[in-house]
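Asker: First, the structure itself, so that you have it in front of you.
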Amino acid sequence: MRAEAAFAKTRAEDRSALVGYLPAGFPTLADSIKAVDIMIDHGADLIELGLPYSDPVMDGPAIQKAADRALAAGFRTRQVFEVTEAVAGRVPILVMTYWNLVERYGVDRFARDFAAAGGAGLITPDLIPDEAGEWIAASDAHDLDRIFLVAPSSTEERIASTVAACRGFVYAQSVMGVTGARAATSAAAPELVRRTRAHTDLPVGVGLGVKNGDQAAEIGAYGDAVIVGSAIVGCYLESEDIPSGHQRLAELTADLAEGVRR
Amino acid sequence: MPNPDPSGHWGEFGGRFVPEALIAALDELEAAHTAALADPAFTTELEALGREYGNLPSPLYFAERLSEEAGVEVWLKREDLNHTGAHKIRNVLGQALLTKRMGKTRIIAETGAGQHGVASATAAAYFGLDCTVYMGEEDTRRQALNVARMRLLGAEVVPVTTGSRTLKDAMNEALREWVASVDHTHYLIGSVGGPHPFPMLVRDYCRGIGDEARAQFQERTGALPDVVAACVGGGSNAMGIFTAFLDDESVKLYGFEAGGDGYDTGRHAATITAGQVGVLHGARTYVLQDEDGQTVESHSISAGLDYPGVGPEHAHLAATGRAVYEAVDDAEAMDALEKLARTEGIICAIESAHGLAGALRLAKSLAPGTRVLVNLSGRGDKDMGNVVEYFGFAGAPEKKGDRA
């Protein structure tokens with residue numbers, strides 16, 4: 001199931017989509033599958049599985065900690081396909097990954113195995129279209145979405161060339177900074193979404209900083225998708241045990257899903 | 001032929017593997033650097049600064065007693081005599097002057113042992129720029145003196161508590177901070193790594209080492225050296241001396257990486273010799289990584305070489321065979337350090353001792369009278385703690401080796 005399937009549904013319902021992010025293998029391999037099911041049960045429209053990496057330069061403390069924990073428990077790249085296979089079918093499943101992990105696995109091989117597991121596509125925070133020749137070919141060959149990022153600092157020219165390379169949706173990094181829940185969302189976000197829309201009909205998802213239903217509603221007013229990561233990871237980092245983390249995640253997702261429906 | 005190509009690649013190496021948020025700043029930096037190098041006002045100011053403040057050009061020194069022992073002519077490019085004690089002053093003065101030219105008011109830097117941090121803090125003090133240095137928490141403990149130097153120079157030192165708490169994590173943190181402050185902050189990177197244009201830019205500011213040495217060598221001997229050798233961590237001192245000789249086909253170029261406890265132990269920092277092609281800190285290059293592409297921790301007695309990546313231009317020189325890269329382990333490097341001290345009265349940095357050790361090993365297979373130029377990239381004052389522990393001189397020999 002590709003990303004377009006989710007956006008067709010949310011468009012018909014005249015609302016923005018809720019995208020939930022969680023590193024595969026966190027809080028444990030089995031519980032990452034459970035967590036994705038919880039998010040889908042409570043209203044997430046798309047899922048982003050993070051691939052834990054030793055040097056996540058775009059992530060703030062929460063996601064770094066989660067990735068470290070998954071790696072310390074022995075997480076292997078190929079396990080992201082297990083997680084994908086276990087949760088695919090209800091909503092589109094994307095993988096967000098730093099590029100070296102895909103390159104090491106083999107770009108075409110990764111695309112093939114991910115597509116076979118039922119995955120929708122990749123979000124690549126440190127791969128710009130200029131360097132993505134091999135990935136563009138592999139994603140074409142295996143019918144996968146490819147989501148590149150635009151940022152407040154992107155020139156018009158770069159927004160145009162980036163969205164031209166995207167398929168599925170465009171990821172608008174709304175804050176100049178790393179991932180992490182923030183008290184106030186960025187004022188630069190609506191402007192970035194407006195500039196991006198001038199160059200494409202693809203849905204524009206807004207990431208970085210959302211932690212509750214009110215912020216989701218605020219971003220949902222102008223973005224086609226609200227992407228939530230650090231706050232979801234925080235459900236487990238801030239809970240005594242995994243069952244209470246699952247409980248918090250259910251509550252958070254329900255709040256966020258209500259937000260995008262306001 | 002442009003070097004690198006217009007998109008910042010040397011063959012398959014280099015490029016830009018960073019968030020889109022940084023691309024505009026990298027474009028701005030590349031344009032500013034290119035314009036600055038073409039502007040006589042900039043180059044004249046930088047040269048005067050190097051001369052009057054940095055103690056440049058550094059001397060070329062014929063090491064007579066060492067040559068007798070080695071059986072070849074050993075010539076040393078004395079970067080250890082520069083202000084702040086290493087070639088690094090060239091890079092920081094160039095980038096700091098460029099920072100002023102771009103109208104930015106703050107620099108950030110990463111540092112391992114603290115040498116690049118001290119050099120950056122020095123340049124920031126000179127130019128009146130704000131300076132924040134990211135340093136792994138582990139390293140701030142091991143290198144307390146350098147932390148004190150940076151603070152005395154007015155810099156803020158931020159201990160990095162993520163990942164392995166060493167140089168690579170300090171670099172991650174500097175990149176994260178740069179995304180958030182890029183409108184007024186320049187990332188003064190410490191080596192020839194990172195996304196384009198950094199590897200080119202740092203090389204351009206360090207290439208004076210080789211330009212000077214080539215002219216000095218010809219003036220003194222009427223010829224070129226047969227071999228040029230340097231240590232390679234990220235590789236800025238090596239690119240600095242190699243660049244002038246790249247087109248001299250008769251000159252063989254050797255880079256010596258840190259072999260740590262020994263190549264076979266897996267505890268080393270020999271990235272080109274033992275790593276695989278991958279992407280780290282914004283560039284495609286050789287990386288010490290596991291089967292999945294997770295970065296593996298490096299090990300070396302020399303903090304300045306203790307890094308699991310290497311500059312992409314070195315990767316290209318290795319892949320094309322223009323330069324040869326070999327590993328030198330801790331013990332060989334420390335032997336060379338001692339030999340240089342006893343034959344020439346020069347205490348060099350442990351980093352530089354790797355380059356010298358490699359050259360001395362190579363000398364055994366060279367014809368007598370072969371002219372070998374070694375970049376003595378830094379001085380050893382900073383390393384006396386390690387020296388005491390390693391050799392057990394004075395101090396407290398019961399602690400020998402526990403910090404290597």
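Order determines the names: the first chain of the structure tokens is A, the second B, and so forth; residues in each chain are numbered 1 upward, and ligands are numbered 1 upward as they are shown.
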With a cut-off of 10 Å and counting only C-alpha atoms, select all residues of chain A in contact with chain B and give the selection as a short mmCIF file (atom, residue, chain, number, x, y, z; two decimals) with C-alpha atoms, in the first residue's frame.

Answerer:
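Final file, iface-v1.cif:
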data_model
loop_
_atom_site.label_atom_id
_atom_site.label_comp_id
_atom_site.auth_asym_id
_atom_site.auth_seq_id
_atom_site.Cartn_x
_atom_site.Cartn_y
_atom_site.Cartn_z
CA PRO A 52 18.20 2.97 14.23
CA TYR A 53 21.61 4.41 13.29
CA SER A 54 24.77 5.11 15.26
CA ASP A 55 25.14 8.72 14.03
CA PRO A 56 21.69 10.32 13.64
CA VAL A 57 22.69 13.94 12.92
CA MET A 58 19.15 15.16 12.34
CA ASP A 59 17.65 13.79 15.52
CA GLY A 60 17.30 15.32 18.95
CA PRO A 61 17.86 13.59 22.30
CA GLN A 64 18.79 9.37 19.64
CA LYS A 65 18.12 7.63 22.93
CA ASP A 68 20.74 3.76 20.90
CA LEU A 71 21.04 -0.88 18.72
CA PHE A 75 18.82 -4.48 16.28
CA ARG A 76 19.79 -5.42 12.70
CA THR A 77 18.76 -3.61 9.51
CA ARG A 78 16.99 -6.67 8.10
CA TYR A 98 19.93 7.64 7.22
CA TRP A 99 21.48 6.75 3.93
CA ASN A 100 24.51 4.68 4.92
CA LEU A 101 22.34 1.84 6.20
CA VAL A 102 20.59 1.47 2.84
CA GLU A 103 23.81 1.82 0.91
CA ARG A 104 25.46 -0.86 3.03
CA TYR A 105 22.53 -3.27 2.60
CA THR A 124 15.63 9.95 3.49
CA PRO A 125 16.69 12.83 5.76
CA ASP A 126 20.35 12.92 4.69
CA LEU A 127 19.88 12.05 1.03
CA ILE A 128 19.11 14.92 -1.33
CA PRO A 129 17.87 14.18 -4.86
CA ASP A 130 21.23 15.37 -6.25
CA GLU A 131 22.90 12.28 -4.70
CA ALA A 132 19.99 9.89 -5.15
CA PHE A 148 12.72 13.96 0.20
CA LEU A 149 12.79 16.95 2.53
CA VAL A 150 12.35 20.66 1.99
CA ALA A 151 13.40 23.19 4.64
CA PRO A 152 12.80 26.85 5.47
CA SER A 153 16.27 27.59 4.07
CA SER A 154 15.57 25.88 0.71
CA THR A 155 15.62 28.20 -2.31
CA ARG A 158 15.72 23.66 -4.74
CA ILE A 159 12.11 23.27 -3.65
CA THR A 162 13.22 18.39 -4.76
CA GLN A 173 11.04 20.19 7.86
CA SER A 174 9.30 23.06 9.60
CA VAL A 175 12.00 24.02 12.10
CA MET A 176 15.66 24.78 11.49
CA GLY A 177 16.86 22.27 14.03
CA VAL A 178 16.79 18.66 15.11
CA THR A 179 13.74 16.54 15.88
#

Asker: Just list the residues in region 23-249 of chain A DSSP gives strand (DSSP E or B) on the backbone, as an mmCIF file with N, CA and C atoms, in the first residue's frame.

Answerer:
data_model
loop_
_atom_site.group_PDB
_atom_site.id
_atom_site.type_symbol
_atom_site.label_atom_id
_atom_site.label_comp_id
_atom_site.auth_asym_id
_atom_site.auth_seq_id
_atom_site.Cartn_x
_atom_site.Cartn_y
_atom_site.Cartn_z
ATOM 1 N N PRO A 23 11.070 4.277 16.034
ATOM 2 C CA PRO A 23 12.184 3.458 15.558
ATOM 3 C C PRO A 23 11.823 1.975 15.641
ATOM 4 N N LEU A 46 -0.711 6.963 8.501
ATOM 5 C CA LEU A 46 0.518 6.417 7.917
ATOM 6 C C LEU A 46 1.495 6.151 9.061
ATOM 7 N N ILE A 47 2.419 5.212 8.822
ATOM 8 C CA ILE A 47 3.438 4.910 9.831
ATOM 9 C C ILE A 47 4.823 5.095 9.222
ATOM 10 N N GLU A 48 5.677 5.738 10.012
ATOM 11 C CA GLU A 48 7.094 5.854 9.659
ATOM 12 C C GLU A 48 7.875 4.999 10.627
ATOM 13 N N LEU A 49 8.574 4.002 10.117
ATOM 14 C CA LEU A 49 9.468 3.214 10.973
ATOM 15 C C LEU A 49 10.871 3.793 10.842
ATOM 16 N N GLY A 50 11.447 4.181 11.956
ATOM 17 C CA GLY A 50 12.829 4.665 11.912
ATOM 18 C C GLY A 50 13.778 3.484 11.896
ATOM 19 N N ILE A 93 3.155 1.885 5.154
ATOM 20 C CA ILE A 93 4.302 1.816 6.065
ATOM 21 C C ILE A 93 5.529 2.361 5.347
ATOM 22 N N LEU A 94 6.071 3.444 5.898
ATOM 23 C CA LEU A 94 7.277 4.048 5.324
ATOM 24 C C LEU A 94 8.449 3.768 6.247
ATOM 25 N N VAL A 95 9.647 3.797 5.695
ATOM 26 C CA VAL A 95 10.836 3.718 6.538
ATOM 27 C C VAL A 95 11.597 5.026 6.412
ATOM 28 N N MET A 96 11.972 5.591 7.567
ATOM 29 C CA MET A 96 12.800 6.787 7.572
ATOM 30 C C MET A 96 14.209 6.355 7.974
ATOM 31 N N GLY A 121 7.484 3.074 1.027
ATOM 32 C CA GLY A 121 8.564 3.898 0.484
ATOM 33 C C GLY A 121 9.491 4.385 1.583
ATOM 34 N N LEU A 122 10.457 5.198 1.191
ATOM 35 C CA LEU A 122 11.472 5.678 2.130
ATOM 36 C C LEU A 122 11.438 7.195 2.273
ATOM 37 N N ILE A 123 11.670 7.624 3.508
ATOM 38 C CA ILE A 123 11.950 9.029 3.802
ATOM 39 C C ILE A 123 13.438 9.085 4.110
ATOM 40 N N ASP A 145 7.486 4.663 -2.885
ATOM 41 C CA ASP A 145 7.474 6.117 -2.727
ATOM 42 C C ASP A 145 8.845 6.590 -2.308
ATOM 43 N N ARG A 146 9.175 7.814 -2.697
ATOM 44 C CA ARG A 146 10.430 8.404 -2.209
ATOM 45 C C ARG A 146 10.116 9.816 -1.736
ATOM 46 N N ILE A 147 10.378 10.014 -0.462
ATOM 47 C CA ILE A 147 10.040 11.280 0.172
ATOM 48 C C ILE A 147 11.326 11.995 0.557
ATOM 49 N N LEU A 149 13.153 15.867 1.635
ATOM 50 C CA LEU A 149 12.790 16.952 2.532
ATOM 51 C C LEU A 149 12.982 18.325 1.892
ATOM 52 N N VAL A 150 12.115 19.248 2.258
ATOM 53 C CA VAL A 150 12.354 20.660 1.987
ATOM 54 C C VAL A 150 12.454 21.363 3.340
ATOM 55 N N ARG A 167 7.874 11.247 -4.618
ATOM 56 C CA ARG A 167 6.660 10.507 -4.983
ATOM 57 C C ARG A 167 5.988 10.101 -3.677
ATOM 58 N N VAL A 170 5.617 15.148 0.134
ATOM 59 C CA VAL A 170 6.833 15.931 0.371
ATOM 60 C C VAL A 170 6.926 16.177 1.872
ATOM 61 N N TYR A 171 8.126 16.047 2.427
ATOM 62 C CA TYR A 171 8.322 16.225 3.863
ATOM 63 C C TYR A 171 8.859 17.639 4.097
ATOM 64 N N ALA A 172 8.059 18.470 4.764
ATOM 65 C CA ALA A 172 8.500 19.828 5.078
ATOM 66 C C ALA A 172 9.082 19.854 6.487
ATOM 67 N N GLN A 173 10.376 20.055 6.561
ATOM 68 C CA GLN A 173 11.037 20.191 7.863
ATOM 69 C C GLN A 173 10.758 21.611 8.341
ATOM 70 N N VAL A 204 1.754 17.730 1.267
ATOM 71 C CA VAL A 204 2.915 18.230 2.002
ATOM 72 C C VAL A 204 2.739 17.875 3.478
ATOM 73 N N GLY A 205 3.656 17.068 3.987
ATOM 74 C CA GLY A 205 3.624 16.689 5.394
ATOM 75 C C GLY A 205 4.535 17.609 6.191
ATOM 76 N N VAL A 206 4.111 17.927 7.412
ATOM 77 C CA VAL A 206 4.893 18.846 8.238
ATOM 78 C C VAL A 206 5.435 18.094 9.453
ATOM 79 N N GLY A 207 6.757 18.134 9.605
ATOM 80 C CA GLY A 207 7.381 17.387 10.689
ATOM 81 C C GLY A 207 8.088 18.283 11.676
ATOM 82 N N ALA A 225 -0.322 16.546 6.066
ATOM 83 C CA ALA A 225 -0.035 15.496 7.037
ATOM 84 C C ALA A 225 0.718 16.096 8.205
ATOM 85 N N VAL A 226 0.408 15.587 9.391
ATOM 86 C CA VAL A 226 1.083 16.011 10.611
ATOM 87 C C VAL A 226 1.956 14.842 11.061
ATOM 88 N N ILE A 227 3.271 15.087 11.136
ATOM 89 C CA ILE A 227 4.209 14.005 11.440
ATOM 90 C C ILE A 227 4.659 14.132 12.889
ATOM 91 N N VAL A 228 4.481 13.070 13.654
ATOM 92 C CA VAL A 228 4.822 13.093 15.081
ATOM 93 C C VAL A 228 5.823 11.982 15.388
#

Asker: Any idea what's packed within 6 Å of region 91-102 of chain B, counting only C-alpha atoms, ignoring anything in its chain fewer than 6 positions away? Could you give it as an MDAnalysis selection string?

Answerer: chainID B and resid 120 123 202 205:206

Asker: Residues as selected, N, CA and C atoms, written as a PDB file, in the first residue's frame, can you do that?

Answerer:
ATOM      1  N   SER B 120      40.687  26.733  17.023  1.00  0.00           N
ATOM      2  CA  SER B 120      39.469  27.488  16.692  1.00  0.00           C
ATOM      3  C   SER B 120      39.241  28.613  17.698  1.00  0.00           C
ATOM      4  N   ALA B 123      41.632  31.445  16.913  1.00  0.00           N
ATOM      5  CA  ALA B 123      41.214  32.277  15.783  1.00  0.00           C
ATOM      6  C   ALA B 123      40.012  33.134  16.169  1.00  0.00           C
ATOM      7  N   VAL B 202      39.031  23.132   3.331  1.00  0.00           N
ATOM      8  CA  VAL B 202      40.080  22.885   4.331  1.00  0.00           C
ATOM      9  C   VAL B 202      41.399  22.560   3.617  1.00  0.00           C
ATOM     10  N   TYR B 205      43.022  25.766   2.436  1.00  0.00           N
ATOM     11  CA  TYR B 205      43.689  26.555   3.474  1.00  0.00           C
ATOM     12  C   TYR B 205      44.929  25.857   4.037  1.00  0.00           C
ATOM     13  N   CYS B 206      44.998  24.537   3.863  1.00  0.00           N
ATOM     14  CA  CYS B 206      46.162  23.796   4.373  1.00  0.00           C
ATOM     15  C   CYS B 206      47.230  23.554   3.310  1.00  0.00           C
TER      16      CYS B 206
END

Asker: Which of these residues is nearest to Ile347 (chain B), using only C-alpha atoms: B:Ser365, B:Thr273, B:Thr111, B:Ser377?

Answerer: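 Under the stated criterion, the closest residue is B:Ser377.
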
Asker: Which residues in region 87-174 of chain A does DSSP call helix (DSSP H, G or I)? List them as a ChimeraX atom specification.

Answerer: /A:87,99-105,107-116,129-131,133-141,156-165

Asker: In Å, how far is it from CA of Ala17 (chain A) to CA of Arg248 (chain A)?

Answerer: 20.5 Å

Asker: Pick out the residues sitting within 12 Å of Lys339 (chain B), and hand them over as a list in words; count only C-alpha atoms, and ignore anything fewer than 5 positions along from it in its own chain.

Answerer: Ala63, Arg65, Leu66, Ser67, Glu69, Ala70, Glu332, Ala333, Met334, Glu344, Gly345, Ile346, Ile347, Cys348, Ala353, Leu356, Ala357 and Leu360 of chain B

Asker: Could you take the residues named above and write them with C-alpha atoms, as a PDB file, in the first residue's frame?

Answerer:
ATOM      1  CA  ALA B  63      67.350  15.753   9.819  1.00  0.00           C
ATOM      2  CA  ARG B  65      71.455  12.303  12.368  1.00  0.00           C
ATOM      3  CA  LEU B  66      68.091  10.681  11.745  1.00  0.00           C
ATOM      4  CA  SER B  67      69.003  10.368   8.051  1.00  0.00           C
ATOM      5  CA  GLU B  69      70.246   6.031  10.974  1.00  0.00           C
ATOM      6  CA  ALA B  70      67.531   5.648   8.368  1.00  0.00           C
ATOM      7  CA  GLU B 332      55.860   1.842  15.931  1.00  0.00           C
ATOM      8  CA  ALA B 333      54.685   5.422  16.306  1.00  0.00           C
ATOM      9  CA  MET B 334      56.010   5.710  19.865  1.00  0.00           C
ATOM     10  CA  GLU B 344      67.270  15.490  16.566  1.00  0.00           C
ATOM     11  CA  GLY B 345      66.075  17.007  19.838  1.00  0.00           C
ATOM     12  CA  ILE B 346      62.542  17.382  18.498  1.00  0.00           C
ATOM     13  CA  ILE B 347      59.506  16.122  20.400  1.00  0.00           C
ATOM     14  CA  CYS B 348      56.730  15.763  17.853  1.00  0.00           C
ATOM     15  CA  ALA B 353      55.079  10.257  14.781  1.00  0.00           C
ATOM     16  CA  LEU B 356      57.532   9.538  10.575  1.00  0.00           C
ATOM     17  CA  ALA B 357      57.311   5.885  11.631  1.00  0.00           C
ATOM     18  CA  LEU B 360      61.245   5.084   8.495  1.00  0.00           C
TER      19      LEU B 360
END

Asker: Would you please work out which residue, of A:Ala257, A:Val107, A:Leu51, A:Leu192, is nearest to Glu134 (chain A) when using only C-alpha atoms?

Answerer: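 Looking at the shortest contact to Glu134 (chain A), the residue is A:Val107.
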